[in-house]
file upload-v3.txt (compact mmCIF, N, CA and C atoms)
# COMPACT_ATOMS: atom_id res chain seq x y z
N MET A 1 -65.43 -13.95 49.88
CA MET A 1 -64.94 -14.06 48.53
C MET A 1 -64.11 -15.33 48.35
N SER A 2 -63.37 -15.74 49.39
CA SER A 2 -62.54 -16.92 49.25
C SER A 2 -63.37 -18.18 49.07
N ARG A 3 -64.61 -18.20 49.49
CA ARG A 3 -65.48 -19.36 49.31
C ARG A 3 -65.95 -19.51 47.86
N LEU A 4 -65.99 -18.42 47.15
CA LEU A 4 -66.46 -18.46 45.77
C LEU A 4 -65.49 -19.18 44.84
N ILE A 5 -64.23 -19.04 45.08
CA ILE A 5 -63.24 -19.66 44.20
C ILE A 5 -63.37 -21.18 44.19
N PRO A 6 -63.41 -21.88 45.35
CA PRO A 6 -63.60 -23.33 45.31
C PRO A 6 -64.93 -23.73 44.68
N LEU A 7 -65.97 -22.95 44.90
CA LEU A 7 -67.26 -23.26 44.29
C LEU A 7 -67.21 -23.17 42.78
N CYS A 8 -66.47 -22.22 42.27
CA CYS A 8 -66.33 -22.08 40.82
C CYS A 8 -65.64 -23.31 40.23
N TRP A 9 -64.59 -23.79 40.89
CA TRP A 9 -63.90 -24.98 40.40
C TRP A 9 -64.81 -26.19 40.45
N VAL A 10 -65.57 -26.33 41.51
CA VAL A 10 -66.50 -27.45 41.62
C VAL A 10 -67.57 -27.34 40.55
N ALA A 11 -68.04 -26.14 40.31
CA ALA A 11 -69.07 -25.95 39.30
C ALA A 11 -68.56 -26.28 37.90
N LEU A 12 -67.29 -26.06 37.65
CA LEU A 12 -66.73 -26.35 36.33
C LEU A 12 -66.42 -27.82 36.12
N PHE A 13 -66.24 -28.57 37.17
CA PHE A 13 -65.88 -29.97 37.04
C PHE A 13 -66.87 -30.77 36.20
N PRO A 14 -68.19 -30.67 36.44
CA PRO A 14 -69.12 -31.43 35.60
C PRO A 14 -69.05 -31.05 34.13
N ILE A 15 -68.80 -29.78 33.84
CA ILE A 15 -68.68 -29.36 32.44
C ILE A 15 -67.46 -30.00 31.81
N THR A 16 -66.34 -30.01 32.53
CA THR A 16 -65.13 -30.62 32.01
C THR A 16 -65.32 -32.12 31.80
N ALA A 17 -65.96 -32.77 32.73
CA ALA A 17 -66.20 -34.20 32.61
C ALA A 17 -67.11 -34.48 31.42
N GLN A 18 -68.13 -33.67 31.23
CA GLN A 18 -69.03 -33.88 30.10
C GLN A 18 -68.31 -33.62 28.78
N ALA A 19 -67.40 -32.65 28.75
CA ALA A 19 -66.67 -32.35 27.52
C ALA A 19 -65.83 -33.55 27.09
N ASN A 20 -65.21 -34.24 28.05
CA ASN A 20 -64.41 -35.42 27.72
C ASN A 20 -65.30 -36.56 27.24
N ILE A 21 -66.45 -36.73 27.84
CA ILE A 21 -67.37 -37.78 27.43
C ILE A 21 -67.96 -37.47 26.06
N ALA A 22 -68.17 -36.20 25.76
CA ALA A 22 -68.77 -35.80 24.49
C ALA A 22 -67.91 -36.17 23.30
N ASN A 23 -66.61 -36.34 23.49
CA ASN A 23 -65.73 -36.69 22.37
C ASN A 23 -66.01 -38.09 21.84
N VAL A 24 -66.50 -38.98 22.65
CA VAL A 24 -66.76 -40.35 22.21
C VAL A 24 -67.87 -40.39 21.16
N PRO A 25 -69.05 -39.80 21.38
CA PRO A 25 -70.08 -39.82 20.34
C PRO A 25 -69.66 -39.07 19.08
N LEU A 26 -68.88 -37.99 19.23
CA LEU A 26 -68.42 -37.26 18.05
C LEU A 26 -67.56 -38.15 17.18
N GLN A 27 -66.68 -38.93 17.76
CA GLN A 27 -65.84 -39.82 16.99
C GLN A 27 -66.69 -40.89 16.31
N ALA A 28 -67.70 -41.39 17.00
CA ALA A 28 -68.59 -42.38 16.40
C ALA A 28 -69.34 -41.77 15.23
N ASP A 29 -69.82 -40.53 15.37
CA ASP A 29 -70.50 -39.85 14.27
C ASP A 29 -69.57 -39.67 13.08
N HIS A 30 -68.33 -39.32 13.36
CA HIS A 30 -67.34 -39.15 12.30
C HIS A 30 -67.11 -40.47 11.57
N ASP A 31 -67.01 -41.55 12.31
CA ASP A 31 -66.81 -42.87 11.71
C ASP A 31 -68.01 -43.27 10.85
N ILE A 32 -69.21 -42.96 11.31
CA ILE A 32 -70.42 -43.25 10.53
C ILE A 32 -70.39 -42.45 9.23
N ALA A 33 -70.06 -41.18 9.32
CA ALA A 33 -70.00 -40.33 8.13
C ALA A 33 -68.96 -40.85 7.13
N LYS A 34 -67.79 -41.25 7.63
CA LYS A 34 -66.75 -41.79 6.74
C LYS A 34 -67.24 -43.05 6.03
N GLU A 35 -67.95 -43.91 6.75
CA GLU A 35 -68.48 -45.14 6.14
C GLU A 35 -69.55 -44.83 5.10
N LEU A 36 -70.41 -43.85 5.38
CA LEU A 36 -71.45 -43.46 4.42
C LEU A 36 -70.84 -42.87 3.15
N VAL A 37 -69.76 -42.11 3.29
CA VAL A 37 -69.07 -41.57 2.12
C VAL A 37 -68.42 -42.72 1.34
N LYS A 38 -67.79 -43.63 2.06
CA LYS A 38 -67.11 -44.77 1.43
C LYS A 38 -68.08 -45.63 0.61
N THR A 39 -69.29 -45.83 1.14
CA THR A 39 -70.28 -46.66 0.44
C THR A 39 -71.05 -45.88 -0.62
N GLY A 40 -70.82 -44.56 -0.69
CA GLY A 40 -71.48 -43.75 -1.71
C GLY A 40 -72.87 -43.28 -1.34
N GLU A 41 -73.28 -43.49 -0.09
CA GLU A 41 -74.61 -43.04 0.33
C GLU A 41 -74.69 -41.52 0.44
N ILE A 42 -73.57 -40.90 0.83
CA ILE A 42 -73.54 -39.45 0.94
C ILE A 42 -72.26 -38.93 0.29
N LEU A 43 -72.27 -37.65 -0.03
CA LEU A 43 -71.06 -36.97 -0.48
C LEU A 43 -70.31 -36.47 0.75
N SER A 44 -69.01 -36.37 0.64
CA SER A 44 -68.23 -35.87 1.77
C SER A 44 -68.61 -34.41 2.02
N LEU A 45 -68.32 -33.95 3.22
CA LEU A 45 -68.59 -32.56 3.55
C LEU A 45 -67.77 -31.64 2.66
N ASP A 46 -66.53 -32.00 2.36
CA ASP A 46 -65.69 -31.19 1.47
C ASP A 46 -66.32 -31.06 0.09
N THR A 47 -66.80 -32.16 -0.47
CA THR A 47 -67.45 -32.14 -1.78
C THR A 47 -68.72 -31.30 -1.72
N THR A 48 -69.49 -31.48 -0.65
CA THR A 48 -70.73 -30.72 -0.48
C THR A 48 -70.44 -29.23 -0.41
N LEU A 49 -69.42 -28.83 0.35
CA LEU A 49 -69.08 -27.41 0.45
C LEU A 49 -68.59 -26.86 -0.88
N SER A 50 -67.84 -27.65 -1.63
CA SER A 50 -67.38 -27.24 -2.95
C SER A 50 -68.58 -27.03 -3.89
N ASN A 51 -69.54 -27.95 -3.86
CA ASN A 51 -70.75 -27.82 -4.68
C ASN A 51 -71.59 -26.63 -4.22
N LEU A 52 -71.61 -26.40 -2.94
CA LEU A 52 -72.41 -25.33 -2.38
C LEU A 52 -71.96 -23.95 -2.87
N GLN A 53 -70.66 -23.80 -3.09
CA GLN A 53 -70.13 -22.51 -3.53
C GLN A 53 -70.73 -22.05 -4.86
N HIS A 54 -71.25 -22.98 -5.65
CA HIS A 54 -71.84 -22.61 -6.94
C HIS A 54 -73.14 -21.85 -6.77
N PHE A 55 -73.82 -22.02 -5.63
CA PHE A 55 -75.09 -21.32 -5.46
C PHE A 55 -75.22 -20.57 -4.14
N CYS A 56 -74.28 -20.76 -3.23
CA CYS A 56 -74.37 -20.03 -1.96
C CYS A 56 -73.00 -20.05 -1.29
N TYR A 57 -72.32 -18.93 -1.30
CA TYR A 57 -70.96 -18.87 -0.78
C TYR A 57 -70.94 -18.33 0.64
N GLY A 58 -70.14 -18.96 1.48
CA GLY A 58 -69.95 -18.51 2.85
C GLY A 58 -68.92 -19.38 3.55
N GLN A 59 -68.46 -18.93 4.70
CA GLN A 59 -67.49 -19.68 5.49
C GLN A 59 -68.24 -20.60 6.44
N LEU A 60 -67.86 -21.87 6.47
CA LEU A 60 -68.50 -22.85 7.33
C LEU A 60 -68.22 -22.54 8.80
N VAL A 61 -69.30 -22.48 9.58
CA VAL A 61 -69.19 -22.26 11.02
C VAL A 61 -69.46 -23.58 11.75
N ASP A 62 -70.46 -24.32 11.30
CA ASP A 62 -70.84 -25.57 11.96
C ASP A 62 -71.54 -26.47 10.96
N ALA A 63 -71.43 -27.77 11.16
CA ALA A 63 -72.07 -28.74 10.28
C ALA A 63 -72.51 -29.95 11.08
N HIS A 64 -73.69 -30.46 10.73
CA HIS A 64 -74.21 -31.67 11.37
C HIS A 64 -74.79 -32.57 10.29
N LEU A 65 -74.54 -33.85 10.45
CA LEU A 65 -75.12 -34.87 9.58
C LEU A 65 -76.21 -35.56 10.37
N TYR A 66 -77.39 -35.65 9.77
CA TYR A 66 -78.50 -36.32 10.46
C TYR A 66 -79.37 -37.02 9.43
N GLN A 67 -80.24 -37.88 9.92
CA GLN A 67 -81.13 -38.62 9.04
C GLN A 67 -82.57 -38.19 9.31
N LYS A 68 -83.30 -37.91 8.22
CA LYS A 68 -84.69 -37.50 8.33
C LYS A 68 -85.49 -38.23 7.25
N ASP A 69 -86.51 -38.95 7.69
CA ASP A 69 -87.35 -39.71 6.76
C ASP A 69 -86.52 -40.63 5.87
N GLY A 70 -85.50 -41.27 6.44
CA GLY A 70 -84.67 -42.21 5.71
C GLY A 70 -83.65 -41.57 4.78
N GLU A 71 -83.51 -40.26 4.84
CA GLU A 71 -82.59 -39.54 3.96
C GLU A 71 -81.54 -38.82 4.81
N TRP A 72 -80.29 -38.93 4.39
CA TRP A 72 -79.21 -38.26 5.11
C TRP A 72 -79.15 -36.80 4.68
N ARG A 73 -78.97 -35.90 5.65
CA ARG A 73 -79.00 -34.46 5.41
C ARG A 73 -77.83 -33.80 6.13
N TYR A 74 -77.35 -32.72 5.55
CA TYR A 74 -76.37 -31.85 6.21
C TYR A 74 -77.10 -30.60 6.66
N ASP A 75 -76.93 -30.25 7.92
CA ASP A 75 -77.41 -28.99 8.46
C ASP A 75 -76.16 -28.11 8.61
N LEU A 76 -76.07 -27.06 7.80
CA LEU A 76 -74.87 -26.23 7.76
C LEU A 76 -75.17 -24.83 8.28
N LEU A 77 -74.22 -24.28 8.99
CA LEU A 77 -74.29 -22.90 9.43
C LEU A 77 -73.12 -22.18 8.77
N LEU A 78 -73.43 -21.17 7.96
CA LEU A 78 -72.43 -20.43 7.20
C LEU A 78 -72.42 -18.97 7.62
N ARG A 79 -71.25 -18.37 7.52
CA ARG A 79 -71.12 -16.92 7.71
C ARG A 79 -70.88 -16.33 6.32
N THR A 80 -71.79 -15.46 5.90
CA THR A 80 -71.70 -14.87 4.57
C THR A 80 -70.69 -13.72 4.58
N GLU A 81 -70.40 -13.21 3.39
CA GLU A 81 -69.47 -12.08 3.27
C GLU A 81 -70.02 -10.84 3.96
N GLU A 82 -71.33 -10.76 4.11
CA GLU A 82 -71.96 -9.63 4.80
C GLU A 82 -71.96 -9.85 6.32
N ASP A 83 -71.30 -10.92 6.77
CA ASP A 83 -71.15 -11.25 8.19
C ASP A 83 -72.48 -11.61 8.85
N THR A 84 -73.36 -12.23 8.09
CA THR A 84 -74.60 -12.76 8.66
C THR A 84 -74.51 -14.27 8.72
N LEU A 85 -75.21 -14.86 9.67
CA LEU A 85 -75.23 -16.31 9.79
C LEU A 85 -76.40 -16.85 8.99
N LEU A 86 -76.15 -17.91 8.26
CA LEU A 86 -77.14 -18.50 7.38
C LEU A 86 -77.18 -20.00 7.63
N ARG A 87 -78.35 -20.54 7.85
CA ARG A 87 -78.51 -21.98 8.06
C ARG A 87 -79.10 -22.59 6.79
N LEU A 88 -78.45 -23.65 6.30
CA LEU A 88 -78.92 -24.36 5.12
C LEU A 88 -79.07 -25.84 5.44
N ASP A 89 -80.10 -26.42 4.93
CA ASP A 89 -80.35 -27.85 5.07
C ASP A 89 -80.20 -28.46 3.68
N LEU A 90 -79.21 -29.35 3.52
CA LEU A 90 -78.90 -29.92 2.21
C LEU A 90 -79.05 -31.42 2.22
N ASN A 91 -79.42 -31.97 1.09
CA ASN A 91 -79.44 -33.41 0.88
C ASN A 91 -77.97 -33.86 0.86
N ALA A 92 -77.58 -34.73 1.77
CA ALA A 92 -76.17 -35.15 1.87
C ALA A 92 -75.75 -36.04 0.71
N GLY A 93 -76.69 -36.64 0.02
CA GLY A 93 -76.36 -37.49 -1.12
C GLY A 93 -76.16 -36.73 -2.41
N THR A 94 -76.74 -35.52 -2.50
CA THR A 94 -76.68 -34.75 -3.75
C THR A 94 -76.12 -33.34 -3.59
N SER A 95 -75.98 -32.87 -2.39
CA SER A 95 -75.56 -31.49 -2.07
C SER A 95 -76.60 -30.46 -2.49
N GLN A 96 -77.81 -30.89 -2.76
CA GLN A 96 -78.84 -29.97 -3.23
C GLN A 96 -79.66 -29.41 -2.08
N HIS A 97 -80.03 -28.16 -2.25
CA HIS A 97 -80.93 -27.48 -1.31
C HIS A 97 -82.34 -27.76 -1.82
N ASP A 98 -83.10 -28.54 -1.09
CA ASP A 98 -84.42 -28.97 -1.55
C ASP A 98 -85.49 -27.90 -1.42
N SER A 99 -85.33 -27.04 -0.44
CA SER A 99 -86.33 -26.00 -0.20
C SER A 99 -86.10 -24.85 -1.16
N GLN A 100 -87.12 -24.43 -1.80
CA GLN A 100 -87.01 -23.30 -2.71
C GLN A 100 -87.86 -22.18 -2.18
N PRO A 101 -87.54 -20.96 -2.33
CA PRO A 101 -86.30 -20.47 -2.94
C PRO A 101 -85.15 -20.49 -1.94
N LEU A 102 -83.96 -20.27 -2.45
CA LEU A 102 -82.79 -20.15 -1.59
C LEU A 102 -82.91 -18.88 -0.76
N PRO A 103 -82.30 -18.86 0.40
CA PRO A 103 -82.30 -17.61 1.19
C PRO A 103 -81.69 -16.47 0.38
N GLU A 104 -82.18 -15.27 0.59
CA GLU A 104 -81.71 -14.12 -0.18
C GLU A 104 -80.23 -13.82 0.05
N GLU A 105 -79.67 -14.29 1.17
CA GLU A 105 -78.24 -14.08 1.45
C GLU A 105 -77.35 -14.94 0.56
N CYS A 106 -77.90 -15.92 -0.11
CA CYS A 106 -77.10 -16.80 -0.95
C CYS A 106 -76.67 -16.08 -2.22
N ARG A 107 -75.38 -16.15 -2.45
CA ARG A 107 -74.81 -15.59 -3.68
C ARG A 107 -73.76 -16.57 -4.16
N PRO A 108 -73.72 -16.82 -5.47
CA PRO A 108 -72.68 -17.72 -6.00
C PRO A 108 -71.28 -17.15 -5.77
N TYR A 109 -70.33 -18.03 -5.67
CA TYR A 109 -68.94 -17.61 -5.52
C TYR A 109 -68.46 -17.08 -6.86
N GLU A 110 -67.94 -15.88 -6.87
CA GLU A 110 -67.44 -15.28 -8.10
C GLU A 110 -65.95 -15.02 -7.96
N THR A 111 -65.20 -15.43 -8.98
CA THR A 111 -63.75 -15.26 -8.94
C THR A 111 -63.31 -13.99 -9.65
N THR A 112 -64.18 -13.40 -10.47
CA THR A 112 -63.80 -12.19 -11.18
C THR A 112 -64.67 -11.03 -10.72
N SER A 113 -64.12 -9.85 -10.75
CA SER A 113 -64.90 -8.69 -10.36
C SER A 113 -65.65 -8.15 -11.57
N ARG A 114 -66.71 -7.43 -11.30
CA ARG A 114 -67.53 -6.90 -12.39
C ARG A 114 -67.10 -5.52 -12.75

call {"tool": "encode", "arguments": {"input": "upload-v3.txt", "output": "structure tokens"}}
result
Amino acid sequence: MSRLIPLCWVALFPITAQANIANVPLQADHDIAKELVKTGEILSLDTTLSNLQHFCYGQLVDAHLYQKDGEWRYDLLLRTEEDTLLRLDLNAGTSQHDSQPLPEECRPYETTSR
């Protein structure tokens, strides 16, 4: 059993090293996104999430900005009020969901009760 403990630490070392290296590309991605927002090519993630609430409400779990066919897109993972995970692909320049119809889990944000 005493041999397992050092092996566990050795096994974790590459993961820790990769985690530190992974921060560099994330910062570069963040800088690219900030520049795209500044130049008006895309809407900020905050603006996109605010616009999204009008047609699909949920808590943001994860977000990725990527380019497809020359167009910037947000890939969002949301947790709905029903506690289901929902993936949406949005145009980052317009906050619009291009694929129709919207997933059935999408519900607009409502501030008043019925």

call {"tool": "residues_around", "arguments": {"input": "upload-v3.txt", "residues": "region 71-78 of chain A", "least_positions_apart": "5", "cutoff": "7 Å", "atoms": "only C-alpha atoms", "output": "mmCIF file with N, CA and C atoms, in the frame of the given file"}}
result
data_model
loop_
_atom_site.group_PDB
_atom_site.id
_atom_site.type_symbol
_atom_site.label_atom_id
_atom_site.label_comp_id
_atom_site.auth_asym_id
_atom_site.auth_seq_id
_atom_site.Cartn_x
_atom_site.Cartn_y
_atom_site.Cartn_z
ATOM 1 N N GLY A 58 -70.140 -18.960 1.480
ATOM 2 C CA GLY A 58 -69.950 -18.510 2.850
ATOM 3 C C GLY A 58 -68.920 -19.380 3.550
ATOM 4 N N GLN A 59 -68.460 -18.930 4.700
ATOM 5 C CA GLN A 59 -67.490 -19.680 5.490
ATOM 6 C C GLN A 59 -68.240 -20.600 6.440
ATOM 7 N N LEU A 60 -67.860 -21.870 6.470
ATOM 8 C CA LEU A 60 -68.500 -22.850 7.330
ATOM 9 C C LEU A 60 -68.220 -22.540 8.800
ATOM 10 N N VAL A 61 -69.300 -22.480 9.580
ATOM 11 C CA VAL A 61 -69.190 -22.260 11.020
ATOM 12 C C VAL A 61 -69.460 -23.580 11.750
ATOM 13 N N ASP A 62 -70.460 -24.320 11.300
ATOM 14 C CA ASP A 62 -70.840 -25.570 11.960
ATOM 15 C C ASP A 62 -71.540 -26.470 10.960
ATOM 16 N N ALA A 63 -71.430 -27.770 11.160
ATOM 17 C CA ALA A 63 -72.070 -28.740 10.280
ATOM 18 C C ALA A 63 -72.510 -29.950 11.080
ATOM 19 N N HIS A 64 -73.690 -30.460 10.730
ATOM 20 C CA HIS A 64 -74.210 -31.670 11.370
ATOM 21 C C HIS A 64 -74.790 -32.570 10.290
ATOM 22 N N LEU A 65 -74.540 -33.850 10.450
ATOM 23 C CA LEU A 65 -75.120 -34.870 9.580
ATOM 24 C C LEU A 65 -76.210 -35.560 10.370
ATOM 25 N N TYR A 66 -77.390 -35.650 9.770
ATOM 26 C CA TYR A 66 -78.500 -36.320 10.460
ATOM 27 C C TYR A 66 -79.370 -37.020 9.430
ATOM 28 N N LEU A 85 -75.210 -14.860 9.670
ATOM 29 C CA LEU A 85 -75.230 -16.310 9.790
ATOM 30 C C LEU A 85 -76.400 -16.850 8.990
ATOM 31 N N LEU A 86 -76.150 -17.910 8.260
ATOM 32 C CA LEU A 86 -77.140 -18.500 7.380
ATOM 33 C C LEU A 86 -77.180 -20.000 7.630
ATOM 34 N N ARG A 87 -78.350 -20.540 7.850
ATOM 35 C CA ARG A 87 -78.510 -21.980 8.060
ATOM 36 C C ARG A 87 -79.100 -22.590 6.790
ATOM 37 N N LEU A 88 -78.450 -23.650 6.300
ATOM 38 C CA LEU A 88 -78.920 -24.360 5.120
ATOM 39 C C LEU A 88 -79.070 -25.840 5.440
ATOM 40 N N ASP A 89 -80.100 -26.420 4.930
ATOM 41 C CA ASP A 89 -80.350 -27.850 5.070
ATOM 42 C C ASP A 89 -80.200 -28.460 3.680
ATOM 43 N N LEU A 90 -79.210 -29.350 3.520
ATOM 44 C CA LEU A 90 -78.900 -29.920 2.210
ATOM 45 C C LEU A 90 -79.050 -31.420 2.220
ATOM 46 N N ASN A 91 -79.420 -31.970 1.090
ATOM 47 C CA ASN A 91 -79.440 -33.410 0.880
ATOM 48 C C ASN A 91 -77.970 -33.860 0.860
ATOM 49 N N ALA A 92 -77.580 -34.730 1.770
ATOM 50 C CA ALA A 92 -76.170 -35.150 1.870
ATOM 51 C C ALA A 92 -75.750 -36.040 0.710
ATOM 52 N N GLY A 93 -76.690 -36.640 0.020
ATOM 53 C CA GLY A 93 -76.360 -37.490 -1.120
ATOM 54 C C GLY A 93 -76.160 -36.730 -2.410
#

call {"tool": "closest_residue", "arguments": {"input": "upload-v3.txt", "among": "A:Thr48, A:Asp29, A:Asp83, A:Cys56", "to": "Pro103 (chain A)", "atoms": "only C-alpha atoms"}}
result
A:Cys56

call {"tool": "atom_distance", "arguments": {"input": "upload-v3.txt", "atom1": "CA of Thr80 (chain A)", "atom2": "CA of Pro108 (chain A)"}}
result
11.0 Å

call {"tool": "select_by_dssp", "arguments": {"input": "upload-v3.txt", "residues": "region 37-94 of chain A", "states": "strand (DSSP E or B)", "output": "PyMOL selection string"}}
result
chain A and resi 59-68+71-79+85-91

call {"tool": "atom_distance", "arguments": {"input": "upload-v3.txt", "atom1": "atom C of Ile32 (chain A)", "atom2": "atom C of Gln53 (chain A)"}}
result
24.8 Å

call {"tool": "atom_distance", "arguments": {"input": "upload-v3.txt", "atom1": "atom N of Val37 (chain A)", "atom2": "CA of Gly70 (chain A)"}}
result
15.1 Å

call {"tool": "closest_residue", "arguments": {"input": "upload-v3.txt", "among": "A:Asn51, A:Thr39, A:Ser44, A:Gln67", "to": "Gln96 (chain A)", "atoms": "only C-alpha atoms"}}
result
A:Asn51

call {"tool": "closest_residue", "arguments": {"input": "upload-v3.txt", "among": "A:Asp46, A:Glu105, A:Glu41, A:Glu35", "to": "Glu82 (chain A)", "atoms": "only C-alpha atoms"}}
result
A:Glu105

call {"tool": "closest_residue", "arguments": {"input": "upload-v3.txt", "among": "A:Ser95, A:Asp69, A:Glu81, A:Lys34", "to": "His54 (chain A)", "atoms": "only C-alpha atoms"}}
result
A:Ser95

call {"tool": "closest_residue", "arguments": {"input": "upload-v3.txt", "among": "A:Phe55, A:Lys68, A:Thr84, A:Arg79", "to": "Leu102 (chain A)", "atoms": "all atoms listed in the file"}}
result
A:Phe55
